[in-house]
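Listing of start27.json; format and content: JSON, C-alpha atoms and all ligand atoms.
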```json
[["chain", "number", "residue", "atom", "x", "y", "z"],
["A", 1, "MET", "CA", -15.35, -10.33, -2.19],
["A", 2, "ASN", "CA", -12.68, -12.14, -4.10],
["A", 3, "LEU", "CA", -9.61, -9.93, -4.31],
["A", 4, "ASP", "CA", -8.67, -10.57, -7.95],
["A", 5, "ASN", "CA", -6.28, -7.63, -7.90],
["A", 6, "PRO", "CA", -3.57, -7.19, -5.29],
["A", 7, "LEU", "CA", -4.39, -5.22, -2.16],
["A", 8, "VAL", "CA", -2.28, -2.06, -1.93],
["A", 9, "LEU", "CA", -1.93, -0.18, 1.36],
["A", 10, "ARG", "CA", -0.60, 3.36, 1.05],
["A", 11, "ALA", "CA", -0.87, 6.89, 2.43],
["A", 12, "ALA", "CA", -3.92, 8.77, 1.21],
["A", 13, "HIS", "CA", -3.59, 11.60, -1.28],
["A", 14, "ARG", "CA", -5.25, 14.93, -0.51],
["A", 15, "SER", "CA", -7.51, 14.38, -3.51],
["A", 16, "GLU", "CA", -8.96, 11.31, -1.75],
["A", 17, "ALA", "CA", -10.23, 13.24, 1.30],
["A", 18, "ALA", "CA", -13.75, 13.52, -0.12],
["A", 19, "ALA", "CA", -14.03, 9.77, -0.76],
["A", 20, "ILE", "CA", -12.73, 8.98, 2.73],
["A", 21, "GLY", "CA", -15.03, 11.51, 4.40],
["A", 22, "SER", "CA", -18.02, 10.14, 2.59],
["A", 23, "MET", "CA", -17.14, 6.55, 3.58],
["A", 24, "SER", "CA", -16.91, 7.70, 7.18],
["A", 25, "ARG", "CA", -20.29, 9.34, 6.99],
["A", 26, "LEU", "CA", -21.96, 6.26, 5.52],
["A", 27, "GLN", "CA", -20.10, 3.42, 7.22],
["A", 28, "VAL", "CA", -19.15, 4.85, 10.61],
["A", 29, "GLU", "CA", -21.07, 8.03, 11.46],
["A", 30, "TYR", "CA", -24.52, 6.90, 10.30],
["A", 31, "GLY", "CA", -27.24, 8.48, 12.46],
["A", 32, "LEU", "CA", -24.81, 11.04, 13.90],
["A", 33, "ASN", "CA", -23.65, 14.45, 12.77],
["A", 34, "TRP", "CA", -20.92, 14.32, 10.12],
["A", 35, "ARG", "CA", -17.64, 15.11, 11.91],
["A", 36, "TRP", "CA", -15.14, 13.55, 9.51],
["A", 37, "THR", "CA", -15.83, 15.92, 6.67],
["A", 38, "PRO", "CA", -13.49, 16.09, 3.66],
["A", 39, "ALA", "CA", -11.93, 19.27, 5.11],
["A", 40, "LYS", "CA", -11.13, 17.51, 8.39],
["A", 41, "VAL", "CA", -9.75, 14.45, 6.61],
["A", 42, "ARG", "CA", -7.57, 16.74, 4.49],
["A", 43, "ARG", "CA", -6.18, 18.36, 7.65],
["A", 44, "PHE", "CA", -5.23, 14.95, 9.01],
["A", 45, "ILE", "CA", -3.64, 13.90, 5.73],
["A", 46, "LYS", "CA", -1.33, 16.91, 6.13],
["A", 47, "ASP", "CA", -0.71, 16.30, 9.86],
["A", 48, "GLU", "CA", 2.70, 14.69, 10.35],
["A", 49, "GLU", "CA", 1.61, 12.80, 13.48],
["A", 50, "THR", "CA", -1.36, 11.19, 11.78],
["A", 51, "MET", "CA", -1.50, 8.41, 9.22],
["A", 52, "VAL", "CA", -4.41, 8.31, 6.83],
["A", 53, "LEU", "CA", -4.00, 4.90, 5.26],
["A", 54, "VAL", "CA", -6.02, 3.64, 2.31],
["A", 55, "ALA", "CA", -6.57, 0.11, 1.02],
["A", 56, "SER", "CA", -6.83, 0.12, -2.72],
["A", 57, "VAL", "CA", -7.80, -2.81, -4.94],
["A", 58, "GLY", "CA", -7.48, -2.37, -8.68],
["A", 59, "GLY", "CA", -7.18, 1.39, -8.13],
["A", 60, "VAL", "CA", -10.43, 1.61, -6.13],
["A", 61, "ILE", "CA", -10.40, 2.63, -2.46],
["A", 62, "GLU", "CA", -12.05, -0.24, -0.58],
["A", 63, "GLY", "CA", -11.06, 0.81, 2.92],
["A", 64, "PHE", "CA", -9.19, 3.31, 5.04],
["A", 65, "ALA", "CA", -7.91, 3.89, 8.56],
["A", 66, "ILE", "CA", -6.86, 7.03, 10.42],
["A", 67, "MET", "CA", -4.42, 6.79, 13.32],
["A", 68, "LYS", "CA", -2.78, 9.48, 15.46],
["A", 69, "PHE", "CA", 0.66, 8.61, 16.84],
["A", 70, "HIS", "CA", 1.71, 9.97, 20.24],
["A", 71, "ASP", "CA", 4.97, 9.33, 22.10],
["A", 72, "ASP", "CA", 3.84, 6.23, 24.00],
["A", 73, "ASP", "CA", 0.54, 5.28, 22.47],
["A", 74, "ALA", "CA", -1.50, 5.63, 19.32],
["A", 75, "HIS", "CA", -5.17, 6.37, 18.81],
["A", 76, "LEU", "CA", -7.10, 4.64, 16.06],
["A", 77, "PHE", "CA", -9.63, 7.30, 15.12],
["A", 78, "LEU", "CA", -11.43, 5.65, 12.24],
["A", 79, "LEU", "CA", -11.53, 2.47, 10.21],
["A", 80, "ALA", "CA", -13.93, 1.33, 7.51],
["A", 81, "VAL", "CA", -14.15, -1.13, 4.65],
["A", 82, "GLN", "CA", -16.74, -0.88, 1.87],
["A", 83, "PRO", "CA", -19.61, -3.32, 2.53],
["A", 84, "LYS", "CA", -19.00, -5.42, -0.60],
["A", 85, "ALA", "CA", -15.31, -5.78, 0.27],
["A", 86, "ARG", "CA", -15.78, -6.92, 3.87],
["A", 87, "ARG", "CA", -14.65, -10.27, 5.27],
["A", 88, "SER", "CA", -11.79, -10.51, 2.81],
["A", 89, "GLY", "CA", -9.07, -9.42, 5.22],
["A", 90, "ILE", "CA", -8.83, -5.73, 4.31],
["A", 91, "GLY", "CA", -9.68, -4.41, 7.79],
["A", 92, "LYS", "CA", -7.17, -6.76, 9.35],
["A", 93, "ALA", "CA", -4.48, -5.76, 6.84],
["A", 94, "LEU", "CA", -5.05, -2.04, 7.60],
["A", 95, "VAL", "CA", -4.80, -2.57, 11.36],
["A", 96, "GLU", "CA", -1.76, -4.83, 11.09],
["A", 97, "TRP", "CA", 0.02, -2.24, 8.90],
["A", 98, "LEU", "CA", -0.60, 0.42, 11.57],
["A", 99, "GLU", "CA", 0.46, -1.92, 14.38],
["A", 100, "LYS", "CA", 3.71, -2.59, 12.58],
["A", 101, "SER", "CA", 4.33, 1.16, 12.25],
["A", 102, "CYS", "CA", 3.66, 1.57, 15.98],
["A", 103, "ARG", "CA", 6.18, -1.14, 16.84],
["A", 104, "THR", "CA", 8.78, 0.48, 14.60],
["A", 105, "ALA", "CA", 8.16, 3.79, 16.41],
["A", 106, "GLY", "CA", 8.42, 2.15, 19.85],
["A", 107, "ILE", "CA", 4.74, 2.71, 20.60],
["A", 108, "LYS", "CA", 3.44, 0.12, 23.04],
["A", 109, "ARG", "CA", -0.30, 0.62, 23.14],
["A", 110, "ILE", "CA", -3.14, 1.32, 20.72],
["A", 111, "ARG", "CA", -6.50, 2.57, 21.92],
["A", 112, "LEU", "CA", -9.75, 3.17, 20.12],
["A", 113, "GLU", "CA", -13.43, 3.86, 20.67],
["A", 114, "VAL", "CA", -16.22, 2.00, 18.96],
["A", 115, "ARG", "CA", -19.97, 2.57, 19.08],
["A", 116, "ALA", "CA", -21.48, 0.33, 21.74],
["A", 117, "THR", "CA", -24.12, -0.93, 19.27],
["A", 118, "ASN", "CA", -21.49, -1.83, 16.66],
["A", 119, "HIS", "CA", -21.15, -5.48, 17.60],
["A", 120, "GLU", "CA", -19.52, -6.44, 14.28],
["A", 121, "ALA", "CA", -16.63, -4.03, 14.82],
["A", 122, "ARG", "CA", -16.31, -5.09, 18.46],
["A", 123, "HIS", "CA", -15.97, -8.73, 17.33],
["A", 124, "PHE", "CA", -13.45, -7.66, 14.70],
["A", 125, "TYR", "CA", -11.27, -5.81, 17.21],
["A", 126, "GLU", "CA", -11.49, -8.65, 19.73],
["A", 127, "HIS", "CA", -10.39, -11.04, 17.01],
["A", 128, "LEU", "CA", -7.31, -8.84, 16.50],
["A", 129, "GLY", "CA", -6.45, -8.85, 20.22],
["A", 130, "TYR", "CA", -8.10, -5.62, 21.38],
["A", 131, "ARG", "CA", -9.66, -5.78, 24.83],
["A", 132, "PHE", "CA", -12.45, -3.93, 26.61],
["A", 133, "VAL", "CA", -11.19, -1.03, 28.74],
["A", 134, "SER", "CA", -14.31, 0.93, 29.67],
["A", 135, "GLU", "CA", -17.71, 2.11, 28.51],
["A", 136, "VAL", "CA", -18.27, 5.86, 28.20],
["A", 137, "SER", "CA", -21.96, 6.66, 28.21],
["A", 138, "GLY", "CA", -23.16, 9.43, 25.90],
["A", 139, "TYR", "CA", -19.78, 9.66, 24.16],
["A", 140, "TYR", "CA", -21.45, 10.05, 20.77],
["A", 141, "GLU", "CA", -23.53, 13.23, 20.91],
["A", 142, "ARG", "CA", -25.03, 12.10, 24.26],
["A", 143, "ARG", "CA", -26.96, 9.54, 22.25],
["A", 144, "GLU", "CA", -24.79, 6.47, 22.28],
["A", 145, "ALA", "CA", -22.10, 4.99, 24.47],
["A", 146, "ALA", "CA", -18.58, 4.27, 23.33],
["A", 147, "ILE", "CA", -16.67, 1.14, 24.16],
["A", 148, "VAL", "CA", -13.01, 1.94, 24.73],
["A", 149, "MET", "CA", -10.71, -0.88, 23.66],
["A", 150, "ALA", "CA", -6.93, -1.20, 23.71],
["A", 151, "LYS", "CA", -4.14, -3.53, 22.72],
["A", 152, "MET", "CA", -0.65, -3.75, 24.21],
["A", 153, "LEU", "CA", 1.91, -4.34, 21.50],
["A", 154, "THR", "CA", 4.77, -6.71, 22.09],
["A", 155, "ALA", "CA", 7.78, -7.15, 19.86],
["A", 156, "GLY", "CA", 6.76, -10.63, 18.79],
["A", 157, "ASP", "CA", 3.16, -9.90, 17.74],
["B", 1, "LIG", "C1", -15.14, -3.59, 11.16],
["B", 1, "LIG", "C2", -14.65, -3.67, 9.71],
["B", 1, "LIG", "C3", -13.64, -2.55, 9.48],
["B", 1, "LIG", "C4", -13.98, -5.03, 9.48],
["B", 1, "LIG", "O1", -13.40, -5.01, 8.19],
["B", 1, "LIG", "P1", -13.24, -6.37, 7.30],
["B", 1, "LIG", "O2", -12.32, -6.06, 6.19],
["B", 1, "LIG", "O3", -14.58, -6.89, 6.95],
["B", 1, "LIG", "O4", -12.56, -7.35, 8.36],
["B", 1, "LIG", "P2", -11.65, -8.64, 8.03],
["B", 1, "LIG", "O5", -12.11, -9.30, 6.79],
["B", 1, "LIG", "O6", -10.21, -8.21, 8.07],
["B", 1, "LIG", "O7", -11.99, -9.55, 9.30],
["B", 1, "LIG", "C5", -11.01, -10.12, 10.14],
["B", 1, "LIG", "C6", -11.71, -10.94, 11.21],
["B", 1, "LIG", "O8", -12.46, -10.07, 12.08],
["B", 1, "LIG", "C7", -13.69, -10.74, 12.46],
["B", 1, "LIG", "N1", -14.85, -10.04, 11.89],
["B", 1, "LIG", "C8", -14.84, -9.15, 10.86],
["B", 1, "LIG", "N2", -16.09, -8.71, 10.61],
["B", 1, "LIG", "C9", -16.89, -9.35, 11.48],
["B", 1, "LIG", "C10", -18.30, -9.34, 11.71],
["B", 1, "LIG", "N3", -19.13, -8.59, 10.96],
["B", 1, "LIG", "N4", -18.81, -10.13, 12.69],
["B", 1, "LIG", "C11", -18.01, -10.90, 13.44],
["B", 1, "LIG", "N5", -16.65, -10.96, 13.28],
["B", 1, "LIG", "C12", -16.11, -10.19, 12.32],
["B", 1, "LIG", "C13", -13.61, -12.14, 11.88],
["B", 1, "LIG", "O9", -12.98, -12.98, 12.84],
["B", 1, "LIG", "C14", -12.73, -11.93, 10.67],
["B", 1, "LIG", "O10", -12.06, -13.10, 10.25],
["B", 1, "LIG", "P3", -12.86, -14.14, 9.25],
["B", 1, "LIG", "O11", -13.50, -13.34, 8.17],
["B", 1, "LIG", "O12", -11.74, -15.02, 8.78],
["B", 1, "LIG", "O13", -13.86, -14.82, 10.14],
["B", 1, "LIG", "C15", -15.85, -3.53, 8.72],
["B", 1, "LIG", "O14", -16.87, -4.43, 9.10],
["B", 1, "LIG", "C16", -16.45, -2.14, 8.63],
["B", 1, "LIG", "O15", -15.99, -1.30, 7.87],
["B", 1, "LIG", "N6", -17.52, -1.89, 9.41],
["B", 1, "LIG", "C17", -18.20, -0.58, 9.35],
["B", 1, "LIG", "C18", -17.34, 0.54, 9.91],
["B", 1, "LIG", "C19", -16.89, 0.24, 11.32],
["B", 1, "LIG", "O16", -17.62, -0.33, 12.11],
["B", 1, "LIG", "N7", -15.64, 0.64, 11.65],
["B", 1, "LIG", "C20", -15.06, 0.37, 12.94],
["B", 1, "LIG", "C21", -15.35, 1.40, 13.94],
["B", 1, "LIG", "S1", -14.59, 2.96, 13.56]]
```

Would you mind writing the file out in structure tokens?
Amino acid sequence: MNLDNPLVLRAAHRSEAAAIGSMSRLQVEYGLNWRWTPAKVRRFIKDEETMVLVASVGGVIEGFAIMKFHDDDAHLFLLAVQPKARRSGIGKALVEWLEKSCRTAGIKRIRLEVRATNHEARHFYEHLGYRFVSEVSGYYERREAAIVMAKMLTAGD
């Protein structure tokens, strides 16, 4: 996708919880029970230790990420970009925005889980410097393994 309009990264509004939940269901949770419902997304939008970040192009939400910040590390819960908007740098921009926030907060490590069969996302995270930590069998409803990945943040990244 050619980004004719500028990419804007900003905190999600509560009114966008339904759009984010439905993207999660279609792009991330396909074949599983729907856990990231609009109500759950809304709770995280209100949670002060969580960032629900959206990527908007021309006023349309093309991607989002949800990250929980702890004292020493952060957990990337969810990330998705609309299929037609992929491979134009939106996913990378979302992750880099969150990494910058982590550095500002003195957080040194980001961890995440990705579905073992999701080779595209695993390539994406590897490209951004995330490394394999472990495989947790049955993590997703005892049906699919998760690959745990992490990245150590350094000041110069
Ligand atoms: C994973 C995902 C978020 C990547 O978003 P994106 O905006 O397309 O990624 P970017 O354009 O920023 O890609 C950055 C780099 O990552 C790598 N990459 C991205 N998608 C890739 C793919 N499908 N296969 C291999 N490498 C990939 C490439 O090196 C790419 O750089 P390039 O396009 O210059 O070659 C997107 O594919 C997606 O939403 N997938 C479905 C949901 C999902 O799997 N979420 C992650 C688990 S929660």

message = Just want the 8 Å neighbourhood of range 121-130 of chain A, counted on all atoms listed in the file, with same-chain residues fewer than 6 positions away dropped. Output as a ChimeraX atom specification.
response = /A:92,114,149-151

Output file for the residues above (C-alpha atoms, as a PDB file, keeping the file's coordinate frame):
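Result file again_8.pdb:
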```
ATOM      1  CA  LYS A  92      -7.170  -6.760   9.350  1.00  0.00           C
ATOM      2  CA  VAL A 114     -16.220   2.000  18.960  1.00  0.00           C
ATOM      3  CA  MET A 149     -10.710  -0.880  23.660  1.00  0.00           C
ATOM      4  CA  ALA A 150      -6.930  -1.200  23.710  1.00  0.00           C
ATOM      5  CA  LYS A 151      -4.140  -3.530  22.720  1.00  0.00           C
TER       6      LYS A 151
END
```

Would you write out, as a tab-separated table, a table of all residues in chain A that have an atom no more than 8 Å from an atom of ligand LIG 1 (chain B), listing for each the closest atom pair and the distance in Å to one decimal, considering only C-alpha atoms and all ligand atoms and ordering rows by chain and rising residue number?
```
residue	atom	partner	partner_atom	distance
A:Ser24	CA	B:LIG1	C18	7.7
A:Gln27	CA	B:LIG1	C18	4.8
A:Val28	CA	B:LIG1	C18	4.7
A:Gly63	CA	B:LIG1	O15	7.3
A:Phe77	CA	B:LIG1	S1	6.8
A:Leu78	CA	B:LIG1	S1	4.4
A:Leu79	CA	B:LIG1	S1	4.6
A:Ala80	CA	B:LIG1	O15	3.4
A:Val81	CA	B:LIG1	O15	3.7
A:Gln82	CA	B:LIG1	O15	6.1
A:Pro83	CA	B:LIG1	O15	6.8
A:Ala85	CA	B:LIG1	O2	6.6
A:Arg86	CA	B:LIG1	O3	3.3
A:Arg87	CA	B:LIG1	O5	3.1
A:Ser88	CA	B:LIG1	O5	4.2
A:Gly89	CA	B:LIG1	O6	3.3
A:Ile90	CA	B:LIG1	O2	4.0
A:Gly91	CA	B:LIG1	O2	3.5
A:Lys92	CA	B:LIG1	O6	3.6
A:Ala93	CA	B:LIG1	O6	6.4
A:Glu113	CA	B:LIG1	S1	7.3
A:Val114	CA	B:LIG1	C21	5.1
A:Arg115	CA	B:LIG1	C21	7.0
A:Asn118	CA	B:LIG1	O16	6.2
A:His119	CA	B:LIG1	N4	7.2
A:Glu120	CA	B:LIG1	N3	4.0
A:Ala121	CA	B:LIG1	C1	4.0
A:Arg122	CA	B:LIG1	C1	7.5
A:His123	CA	B:LIG1	N5	4.7
A:Phe124	CA	B:LIG1	O8	3.7
A:Tyr125	CA	B:LIG1	O8	6.8
A:Glu126	CA	B:LIG1	O8	7.8
A:His127	CA	B:LIG1	O9	5.3
A:Leu128	CA	B:LIG1	O8	6.9
```

request  = Go through A:Leu98, A:Glu62, A:Ser56, A:Ala17 one by one, measure the shortest atom-to-atom distance of each to Lys40 in chain A using all atoms listed in the file, and give the residue with the smallest value.
outcome  =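 Comparing A:Leu98, A:Glu62, A:Ser56, A:Ala17 against Lys40 in chain A, the winner is A:Ala17.
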
Neighbour list for Met67 in chain A as a PyMOL selection string, cut-off 7 Å, all atoms listed in the file, skip fewer than 2 positions in-chain = chain A and resi 50-52+65+69+74-77

Taking C-alpha atoms for each residue, export the selection above as an mmCIF file, keeping the file's coordinate frame.
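Saved result, part32.cif, follows:
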```cif
data_model
loop_
_atom_site.group_PDB
_atom_site.id
_atom_site.type_symbol
_atom_site.label_atom_id
_atom_site.label_comp_id
_atom_site.auth_asym_id
_atom_site.auth_seq_id
_atom_site.Cartn_x
_atom_site.Cartn_y
_atom_site.Cartn_z
ATOM 1 C CA THR A 50 -1.360 11.190 11.780
ATOM 2 C CA MET A 51 -1.500 8.410 9.220
ATOM 3 C CA VAL A 52 -4.410 8.310 6.830
ATOM 4 C CA ALA A 65 -7.910 3.890 8.560
ATOM 5 C CA PHE A 69 0.660 8.610 16.840
ATOM 6 C CA ALA A 74 -1.500 5.630 19.320
ATOM 7 C CA HIS A 75 -5.170 6.370 18.810
ATOM 8 C CA LEU A 76 -7.100 4.640 16.060
ATOM 9 C CA PHE A 77 -9.630 7.300 15.120
#
```

task = For Gly31 in chain A, please output as a ChimeraX atom specification all residues within 12 Å (counting all atoms listed in the file; exclusion window: fewer than 2 positions along the same chain).
result = /A:24-29,33-35,115,140-141,143-144

For CA of Ala39 in chain A and CA of Met23 in chain A, the interatomic separation in Å (one decimal) =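 So the two atoms, CA of Ala39 in chain A and CA of Met23 in chain A, lie 13.8 Å apart.
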
key: Shell around Gly106 in chain A at 10 Å using only C-alpha atoms, local window under 6 positions removed, as a list of chain:residue names   =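 In the requested form, the answer reads A:Asp71, A:Asp72, A:Asp73, A:Lys100, A:Leu153, A:Thr154, A:Ala155.
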
Limited to C-alpha atoms, could you put the picked residues into a file as an mmCIF file, in the frame of the given file?
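Result saved to selection.cif:
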```cif
data_model
loop_
_atom_site.group_PDB
_atom_site.id
_atom_site.type_symbol
_atom_site.label_atom_id
_atom_site.label_comp_id
_atom_site.auth_asym_id
_atom_site.auth_seq_id
_atom_site.Cartn_x
_atom_site.Cartn_y
_atom_site.Cartn_z
ATOM 1 C CA ASP A 71 4.970 9.330 22.100
ATOM 2 C CA ASP A 72 3.840 6.230 24.000
ATOM 3 C CA ASP A 73 0.540 5.280 22.470
ATOM 4 C CA LYS A 100 3.710 -2.590 12.580
ATOM 5 C CA LEU A 153 1.910 -4.340 21.500
ATOM 6 C CA THR A 154 4.770 -6.710 22.090
ATOM 7 C CA ALA A 155 7.780 -7.150 19.860
#
```

Set the distance at 8 Å and use all atoms listed in the file: which residues neighbour Leu53 in chain A once local chain neighbours fewer than 2 positions away are removed? I'd like the list as a PDB file with C-alpha atoms, in the frame of the given file.
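The resulting file, selection09.pdb, is shown below:
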```
ATOM      1  CA  LEU A   9      -1.930  -0.180   1.360  1.00  0.00           C
ATOM      2  CA  ARG A  10      -0.600   3.360   1.050  1.00  0.00           C
ATOM      3  CA  ALA A  11      -0.870   6.890   2.430  1.00  0.00           C
ATOM      4  CA  ALA A  12      -3.920   8.770   1.210  1.00  0.00           C
ATOM      5  CA  MET A  51      -1.500   8.410   9.220  1.00  0.00           C
ATOM      6  CA  ALA A  55      -6.570   0.110   1.020  1.00  0.00           C
ATOM      7  CA  PHE A  64      -9.190   3.310   5.040  1.00  0.00           C
ATOM      8  CA  ALA A  65      -7.910   3.890   8.560  1.00  0.00           C
ATOM      9  CA  ILE A  66      -6.860   7.030  10.420  1.00  0.00           C
ATOM     10  CA  LEU A  94      -5.050  -2.040   7.600  1.00  0.00           C
TER      11      LEU A  94
END
```

note = As a check of understanding: the span from CA of Met152 in chain A to CA of Gly138 in chain A is 26.1 Å
